[in-house]
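J.: Contents of query-v8.cif (mmCIF, C-alpha atoms) are below:
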data_work
#
loop_
_atom_site.label_atom_id
_atom_site.label_comp_id
_atom_site.auth_asym_id
_atom_site.auth_seq_id
_atom_site.Cartn_x
_atom_site.Cartn_y
_atom_site.Cartn_z
CA MET W 1 -132.32 -52.51 -165.05
CA ILE W 2 -133.42 -52.72 -161.44
CA GLN W 3 -131.77 -54.53 -158.55
CA SER W 4 -133.26 -56.06 -155.43
CA MET W 5 -132.02 -55.02 -151.99
CA THR W 6 -132.27 -58.64 -150.85
CA GLY W 7 -129.08 -60.62 -151.30
CA TYR W 8 -126.76 -63.25 -149.85
CA GLY W 9 -123.10 -63.95 -150.49
CA LYS W 10 -120.62 -66.37 -148.99
CA ALA W 11 -116.90 -67.03 -149.29
CA GLU W 12 -114.58 -69.50 -147.58
CA LEU W 13 -110.88 -69.06 -146.92
CA ASN W 14 -108.41 -71.71 -145.74
CA LEU W 15 -105.11 -70.40 -144.39
CA GLU W 16 -102.23 -72.10 -142.59
CA ASN W 17 -103.30 -71.18 -139.06
CA ALA W 18 -107.04 -70.68 -139.43
CA ASN W 19 -110.08 -71.22 -141.64
CA PHE W 20 -112.55 -68.40 -142.35
CA THR W 21 -116.17 -68.27 -143.43
CA ILE W 22 -117.40 -64.87 -144.63
CA GLU W 23 -121.13 -64.20 -145.06
CA VAL W 24 -122.87 -61.04 -146.28
CA LYS W 25 -126.64 -60.69 -145.94
CA SER W 26 -128.74 -57.84 -147.33
CA LEU W 27 -132.37 -56.89 -146.65
CA ASN W 28 -134.48 -53.92 -147.67
CA SER W 29 -134.10 -50.63 -145.79
CA LYS W 30 -134.65 -46.96 -146.59
CA GLN W 31 -131.00 -46.13 -145.90
CA ILE W 32 -127.70 -48.00 -145.51
CA ASP W 33 -127.57 -49.85 -142.18
CA ALA W 34 -124.39 -51.93 -141.95
CA THR W 35 -123.32 -54.17 -139.06
CA VAL W 36 -120.09 -56.16 -138.79
CA LYS W 37 -119.61 -59.29 -136.68
CA MET W 38 -116.06 -60.60 -136.32
CA SER W 39 -113.28 -61.48 -133.87
CA SER W 40 -111.99 -58.66 -131.70
CA VAL W 41 -108.58 -59.27 -133.28
CA TYR W 42 -109.76 -57.35 -136.34
CA ARG W 43 -111.87 -54.76 -134.55
CA ASP W 44 -109.69 -51.93 -135.90
CA LYS W 45 -110.81 -52.87 -139.42
CA GLU W 46 -114.51 -52.30 -138.71
CA ILE W 47 -114.75 -48.68 -139.91
CA GLY W 48 -113.09 -49.57 -143.20
CA LEU W 49 -115.45 -52.51 -143.68
CA ARG W 50 -118.51 -50.35 -143.05
CA LYS W 51 -117.28 -47.88 -145.67
CA LEU W 52 -116.69 -50.72 -148.14
CA LEU W 53 -120.21 -52.09 -147.63
CA SER W 54 -121.69 -48.61 -148.09
CA GLU W 55 -119.80 -48.02 -151.35
CA LYS W 56 -120.47 -51.44 -152.87
CA LEU W 57 -124.03 -52.15 -151.72
CA GLN W 58 -125.30 -48.52 -151.42
CA ARG W 59 -128.56 -49.22 -149.57
CA GLY W 60 -130.17 -51.85 -147.36
CA LYS W 61 -129.81 -53.54 -143.99
CA ILE W 62 -126.40 -55.20 -144.40
CA GLU W 63 -124.77 -57.73 -142.09
CA LEU W 64 -121.18 -58.90 -142.58
CA SER W 65 -120.07 -61.90 -140.50
CA ILE W 66 -116.49 -63.22 -140.37
CA TRP W 67 -116.19 -66.60 -138.63
CA ARG W 68 -112.67 -67.68 -137.66
CA GLU W 69 -111.82 -71.28 -136.79
CA LYS W 70 -108.30 -72.17 -135.75
CA SER W 71 -106.76 -75.03 -137.65
CA GLU W 72 -104.45 -75.68 -134.67
CA SER W 73 -105.74 -77.24 -131.44
CA SER W 74 -103.82 -74.89 -129.15
CA SER W 75 -105.82 -72.92 -126.59
CA ASN W 76 -105.78 -69.16 -126.14
CA TYR W 77 -105.82 -69.64 -122.36
CA LYS W 78 -102.61 -70.04 -120.33
CA ILE W 79 -102.10 -71.10 -116.72
CA ASN W 80 -101.04 -68.17 -114.58
CA THR W 81 -98.35 -70.05 -112.65
CA GLU W 82 -97.28 -67.21 -110.37
CA VAL W 83 -100.85 -66.52 -109.24
CA ILE W 84 -101.52 -70.21 -108.52
CA LYS W 85 -98.28 -70.49 -106.51
CA ASP W 86 -99.29 -67.49 -104.48
CA TYR W 87 -102.73 -69.02 -103.76
CA HIS W 88 -101.04 -72.26 -102.74
CA ASN W 89 -98.60 -70.54 -100.39
CA GLN W 90 -101.43 -68.60 -98.75
CA ILE W 91 -103.37 -71.83 -98.17
CA LEU W 92 -100.31 -73.48 -96.61
CA GLN W 93 -99.83 -70.47 -94.35
CA LEU W 94 -103.50 -70.53 -93.40
CA LYS W 95 -103.22 -74.24 -92.49
CA LYS W 96 -100.21 -73.50 -90.36
CA ASP W 97 -101.86 -70.52 -88.62
CA LEU W 98 -105.01 -72.51 -87.85
CA GLY W 99 -103.14 -75.64 -86.83
CA LEU W 100 -105.06 -77.80 -89.27
CA LYS W 101 -104.01 -81.37 -89.80
CA TRP W 102 -106.63 -82.26 -92.42
CA ASN W 103 -107.15 -81.10 -95.94
CA MET W 104 -110.20 -78.84 -95.84
CA TRP W 105 -111.24 -79.88 -99.38
CA THR W 106 -110.92 -83.66 -99.24
CA PHE W 107 -110.77 -84.33 -95.47
CA THR W 108 -107.66 -86.43 -96.01
CA PRO W 109 -104.26 -85.93 -94.38
CA PHE W 110 -102.81 -82.80 -95.93
CA LYS W 111 -99.52 -83.11 -97.79
CA ALA W 112 -97.78 -80.19 -99.43
CA GLU W 113 -96.99 -82.27 -102.45
CA SER W 114 -100.62 -83.44 -102.88
CA THR W 115 -102.27 -82.64 -106.23
CA ASP W 116 -105.83 -82.87 -104.84
CA ILE W 117 -105.92 -79.11 -104.46
CA ILE W 118 -104.96 -78.36 -108.09
CA PRO W 119 -108.52 -78.41 -109.53
CA THR W 120 -109.61 -75.93 -106.86
CA LEU W 121 -106.62 -73.68 -107.49
CA LEU W 122 -107.43 -73.58 -111.21
CA LYS W 123 -110.90 -72.24 -110.41
CA MET W 124 -109.54 -69.31 -108.44
CA PRO W 125 -109.73 -65.79 -109.95
CA GLU W 126 -107.09 -65.05 -112.62
CA ALA W 127 -105.74 -68.60 -112.47
CA LEU W 128 -106.22 -68.79 -116.23
CA VAL W 129 -105.44 -65.85 -118.50
CA LYS W 130 -106.37 -65.38 -122.14
CA GLY W 131 -103.44 -64.85 -124.43
CA GLU W 132 -103.53 -61.71 -126.55
CA GLU W 133 -104.04 -62.38 -130.24
CA LYS W 134 -102.63 -60.02 -132.83
CA SER W 135 -103.82 -59.50 -136.35
CA ASN W 136 -101.62 -60.61 -139.19
CA GLU W 137 -101.57 -58.13 -142.08
CA ASN W 138 -100.81 -60.82 -144.66
CA GLU W 139 -103.72 -62.83 -143.28
CA TRP W 140 -105.98 -59.77 -143.43
CA GLU W 141 -105.15 -59.17 -147.11
CA GLU W 142 -106.48 -62.65 -147.91
CA ILE W 143 -109.56 -62.03 -145.75
CA GLN W 144 -110.26 -58.81 -147.65
CA LYS W 145 -110.18 -60.70 -150.96
CA ALA W 146 -112.70 -63.20 -149.55
CA ILE W 147 -114.92 -60.33 -148.33
CA ASN W 148 -114.92 -58.80 -151.82
CA THR W 149 -115.86 -62.20 -153.25
CA ALA W 150 -118.81 -62.46 -150.83
CA ILE W 151 -119.93 -58.92 -151.75
CA ALA W 152 -119.70 -59.76 -155.47
CA ASN W 153 -121.96 -62.77 -154.81
CA VAL W 154 -124.47 -60.48 -153.08
CA LEU W 155 -124.47 -58.11 -156.07
CA GLN W 156 -125.11 -61.00 -158.45
CA PHE W 157 -127.91 -62.24 -156.19
CA ARG W 158 -129.45 -58.75 -156.27
CA ILE W 159 -129.30 -58.64 -160.07
CA ASP W 160 -130.97 -62.06 -160.38
CA GLU W 161 -133.73 -61.04 -157.97
CA GLY W 162 -134.06 -57.70 -159.77
CA ILE W 163 -134.82 -59.48 -163.05
CA LYS W 164 -137.73 -61.30 -161.40
CA LEU W 165 -139.02 -58.08 -159.84
CA GLU W 166 -138.76 -56.23 -163.15
CA GLU W 167 -140.78 -58.92 -164.94
CA ASP W 168 -143.55 -58.77 -162.33
CA ILE W 169 -143.69 -54.96 -162.18
CA SER W 170 -143.61 -54.60 -165.98
CA LYS W 171 -146.55 -56.98 -166.22
CA ARG W 172 -148.56 -54.91 -163.74
CA ILE W 173 -147.71 -51.62 -165.48
CA SER W 174 -148.97 -53.16 -168.72
CA ILE W 175 -152.19 -54.20 -167.01
CA ILE W 176 -152.78 -50.63 -165.77
CA SER W 177 -152.06 -49.31 -169.29
CA ASP W 178 -154.58 -51.74 -170.77
CA LEU W 179 -157.18 -50.76 -168.16
CA LEU W 180 -156.61 -47.10 -169.05
CA LYS W 181 -157.44 -47.89 -172.69
CA GLN W 182 -160.66 -49.58 -171.55
CA ILE W 183 -161.68 -46.38 -169.75
CA GLU W 184 -161.42 -44.16 -172.85
CA PRO W 185 -164.60 -45.29 -174.67
CA LEU W 186 -166.50 -45.41 -171.37
CA ALA W 187 -165.43 -41.83 -170.60
CA LYS W 188 -166.77 -40.59 -173.95
CA GLU W 189 -170.07 -42.42 -173.51
CA ARG W 190 -170.33 -40.99 -170.01
CA ILE W 191 -170.07 -37.38 -171.21
CA VAL W 192 -172.79 -38.05 -173.82
CA LYS W 193 -175.02 -39.50 -171.08
CA VAL W 194 -174.35 -36.49 -168.83
CA LYS W 195 -175.33 -34.05 -171.61
CA GLN W 196 -178.46 -36.05 -172.40
CA SER W 197 -179.45 -36.12 -168.74
CA LEU W 198 -178.94 -32.36 -168.45
CA ASN W 199 -181.05 -31.67 -171.54
CA GLU W 200 -183.88 -33.78 -170.14
CA LYS W 201 -183.82 -31.89 -166.86
CA LEU W 202 -183.59 -28.52 -168.57
CA ALA W 203 -186.71 -29.31 -170.60
CA GLU W 204 -188.60 -29.45 -167.34
CA ILE W 205 -187.36 -25.99 -166.26
CA ASP W 206 -189.02 -22.71 -167.24
CA SER W 207 -186.37 -21.23 -169.56
CA LYS W 208 -187.83 -17.70 -169.21
CA ASN W 209 -186.36 -17.35 -165.72
CA ILE W 210 -182.85 -18.49 -166.69
CA ASP W 211 -179.89 -16.21 -167.45
CA GLU W 212 -178.60 -17.89 -170.61
CA ASN W 213 -175.03 -16.50 -170.39
CA ARG W 214 -174.61 -17.57 -166.78
CA PHE W 215 -176.24 -20.88 -167.56
CA GLU W 216 -173.78 -21.61 -170.41
CA GLN W 217 -170.83 -20.75 -168.17
CA GLU W 218 -172.06 -23.07 -165.41
CA LEU W 219 -172.78 -25.84 -167.92
CA ILE W 220 -169.29 -25.63 -169.45
CA TYR W 221 -167.70 -25.60 -165.99
CA TYR W 222 -169.71 -28.66 -164.94
CA LEU W 223 -168.79 -30.63 -168.08
CA GLU W 224 -165.11 -29.73 -167.67
CA LYS W 225 -165.19 -31.01 -164.08
CA GLN W 226 -166.61 -34.29 -165.39
CA ASP W 227 -164.01 -34.61 -168.15
CA ILE W 228 -161.02 -36.89 -167.38
CA THR W 229 -159.05 -36.35 -170.60
CA GLU W 230 -156.18 -34.54 -168.85
CA GLU W 231 -155.90 -37.25 -166.20
CA GLN W 232 -155.83 -39.94 -168.89
CA VAL W 233 -153.03 -38.17 -170.75
CA ARG W 234 -150.97 -37.60 -167.59
CA LEU W 235 -151.48 -41.18 -166.39
CA ASP W 236 -150.31 -42.55 -169.73
CA ALA W 237 -147.23 -40.28 -169.58
CA HIS W 238 -146.42 -41.41 -166.02
CA LEU W 239 -146.70 -45.08 -167.00
CA ASN W 240 -144.29 -44.56 -169.91
CA TYR W 241 -141.89 -42.60 -167.70
CA PHE W 242 -141.98 -45.38 -165.10
CA THR W 243 -141.01 -47.99 -167.70
CA GLU W 244 -138.26 -45.73 -169.08
CA THR W 245 -136.80 -45.17 -165.60
CA MET W 246 -137.01 -48.85 -164.70
CA ASN W 247 -134.96 -49.72 -167.79
CA GLY W 248 -132.24 -47.20 -166.86
CA GLU W 249 -128.72 -48.22 -165.85
CA SER W 250 -128.40 -46.69 -162.37
CA PRO W 251 -130.26 -47.79 -159.17
CA ASN W 252 -133.65 -46.11 -159.22
CA GLY W 253 -135.88 -47.52 -156.47
CA LYS W 254 -136.58 -44.15 -154.82
CA LYS W 255 -137.28 -42.42 -158.14
CA LEU W 256 -139.70 -45.18 -159.14
CA GLY W 257 -141.44 -44.65 -155.81
CA PHE W 258 -141.99 -40.96 -156.61
CA ILE W 259 -143.41 -41.81 -160.05
CA VAL W 260 -145.78 -44.34 -158.50
CA GLN W 261 -147.12 -41.60 -156.22
CA GLU W 262 -147.99 -39.52 -159.30
CA ILE W 263 -149.63 -42.53 -160.95
CA GLY W 264 -151.71 -43.03 -157.83
CA ARG W 265 -152.87 -39.38 -157.82
CA GLU W 266 -154.13 -39.60 -161.41
CA ILE W 267 -155.94 -42.89 -160.75
CA ASN W 268 -157.59 -41.43 -157.65
CA THR W 269 -158.72 -38.34 -159.58
CA ILE W 270 -160.22 -40.47 -162.34
CA GLY W 271 -162.03 -42.49 -159.70
CA SER W 272 -163.43 -39.40 -157.97
CA LYS W 273 -164.70 -37.94 -161.27
CA SER W 274 -166.21 -41.12 -162.65
CA SER W 275 -169.86 -41.61 -161.87
CA ASP W 276 -170.08 -44.68 -164.08
CA ALA W 277 -170.15 -48.08 -162.34
CA GLN W 278 -168.05 -49.79 -165.02
CA MET W 279 -165.40 -47.06 -164.89
CA GLN W 280 -165.21 -47.27 -161.11
CA LYS W 281 -164.73 -51.03 -161.37
CA ILE W 282 -161.76 -50.49 -163.69
CA VAL W 283 -160.31 -47.87 -161.31
CA VAL W 284 -160.46 -50.39 -158.47
CA GLN W 285 -158.53 -52.88 -160.61
CA MET W 286 -155.92 -50.18 -161.32
CA LYS W 287 -155.51 -49.45 -157.62
CA ASP W 288 -155.11 -53.14 -156.85
CA GLU W 289 -152.27 -53.50 -159.38
CA LEU W 290 -150.66 -50.28 -158.14
CA GLU W 291 -150.61 -51.51 -154.53
CA LYS W 292 -148.81 -54.68 -155.63
CA ILE W 293 -146.24 -52.55 -157.45
CA LYS W 294 -145.70 -50.45 -154.30
CA GLU W 295 -145.00 -53.59 -152.30
CA GLN W 296 -142.40 -54.71 -154.81
CA LEU W 297 -140.76 -51.27 -154.88
CA LEU W 298 -139.98 -51.55 -151.16
CA ASN W 299 -137.36 -54.16 -152.06
CA ILE W 300 -135.77 -52.32 -154.99
CA LEU W 301 -132.38 -50.66 -154.66
#
Now that the file is in, can you turn its structure into structure tokens?
T.:
Amino acid sequence: MIQSMTGYGKAELNLENANFTIEVKSLNSKQIDATVKMSSVYRDKEIGLRKLLSEKLQRGKIELSIWREKSESSSNYKINTEVIKDYHNQILQLKKDLGLKWNMWTFTPFKAESTDIIPTLLKMPEALVKGEEKSNENEWEEIQKAINTAIANVLQFRIDEGIKLEEDISKRISIISDLLKQIEPLAKERIVKVKQSLNEKLAEIDSKNIDENRFEQELIYYLEKQDITEEQVRLDAHLNYFTETMNGESPNGKKLGFIVQEIGREINTIGSKSSDAQMQKIVVQMKDELEKIKEQLLNIL
């Protein structure tokens, strides 16, 4: 059974202080390429998550996203009171040193107790500070369960897609096998035609000047070069091996790719040896089906 490298899984988690949405996306890739997107609060968990993705999903371009939404309305930012007081005192001292009687921001009489300056003070550097969030281990245990659920959904998605891929590839392997059977009678007729053509040409040659032993050796060599029996046998064996491997239990995308290369070599050799127009037409059809199989194999785990 084959599996696709394409997959998508999602899980949602509702806790007391926050709600989480976990998404796992998988695309085809030659190796494992995992990325993790999540809040910096859990940044120390990233290495462990990458290892988990590698073990569970094995291969592909994987992206894990953990979206955290606070259920409370409280802000992470706090007013830095001491800094704002210091800014305010400096402004008052500056007013006193310069002998100003007007508020430089509003051009109204300046009063120490005035709140007109507050919006400006809040925009000053370090007036607001972000509170440090800490990870909660109990919370993380629940998040891990949700991550495993999302990964399980990806695996099921891959299996479902793999069934569709297997059906399509099996159909194309069967087509190539049928085309191979169509070549067999044409190959036999072709050899007969070659022999007949050679006999006709030999009749026109003066046999007295021919070394019969050397001639027989050359004739046998030529006919063997034209014969495609070995290629037919090997191609049939490769097609059967491909189907056997595809029906195996373990992931086998790379192995199937190697077998396809061997299938392609035999088809190319048959094409180069065939001098018959009908045989060459069948070879072209074989190559067309094989290219479609190669495209599908790019997405197999």
J.: Would you kindly return, as a PyMOL selection string, each protein, DNA or RNA residue with an atom no farther than 12 Å from any atom of Asp86 of chain W, considering all atoms listed in the file and excluding same-chain residues fewer than 6 positions away?
T.: chain W and resi 80+92-93+121+124-127
J.: Go ahead and dump the residues you just picked, C-alpha atoms, as a short mmCIF file (atom, residue, chain, number, x, y, z; two decimals), keeping the file's coordinate frame.
T.:
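Saved to out_18.cif:
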data_model
loop_
_atom_site.label_atom_id
_atom_site.label_comp_id
_atom_site.auth_asym_id
_atom_site.auth_seq_id
_atom_site.Cartn_x
_atom_site.Cartn_y
_atom_site.Cartn_z
CA ASN W 80 -101.04 -68.17 -114.58
CA LEU W 92 -100.31 -73.48 -96.61
CA GLN W 93 -99.83 -70.47 -94.35
CA LEU W 121 -106.62 -73.68 -107.49
CA MET W 124 -109.54 -69.31 -108.44
CA PRO W 125 -109.73 -65.79 -109.95
CA GLU W 126 -107.09 -65.05 -112.62
CA ALA W 127 -105.74 -68.60 -112.47
#
J.: Starting from the displayed file, determine the output of the PyMOL selection byres ((chain W and resi 278) around 12) and express the residue list as a list in words.
T.: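 Checking the PyMOL selection byres ((chain W and resi 278) around 12) against this file, the residues are Leu179, Gln182, Ile183, Glu184, Pro185, Leu186, Ala187, Glu189, Arg190, Gly271, Ser274, Ser275, Asp276, Ala277, Met279, Gln280, Lys281, Ile282, Val283, Val284 and Gln285 of chain W.
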J.: Just the residues within 6 Å of Ile62 of chain W, please, counting all atoms listed in the file, with nothing from its chain fewer than 4 positions along; format it as a list in words.
T.: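 Here the answer would be Lys25, Ser26, Asp33 and Ala34 of chain W.
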J.: Could you tell me how far atom CA of Leu98 of chain W sits from atom CA of Glu82 of chain W, in Å to one decimal place?
T.: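 Taking atom CA of Glu82 of chain W as the start and atom CA of Leu98 of chain W as the end point, the length is 24.4 Å.
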J.: Excluding same-chain residues fewer than 6 positions from Lys164 of chain W, what lies within 10 Å of it counting all atoms listed in the file, as a JSON list (two decimals) with C-alpha atoms, in the frame of the given file?
T.:
[["chain", "number", "residue", "atom", "x", "y", "z"],
["W", 2, "ILE", "CA", -133.42, -52.72, -161.44],
["W", 3, "GLN", "CA", -131.77, -54.53, -158.55],
["W", 4, "SER", "CA", -133.26, -56.06, -155.43]]
J.: In Å, how far is it from atom CA of Ser177 of chain W to atom CA of Leu239 of chain W?
T.: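 Spanning atom CA of Ser177 of chain W to atom CA of Leu239 of chain W is a straight-line distance of 7.2 Å.
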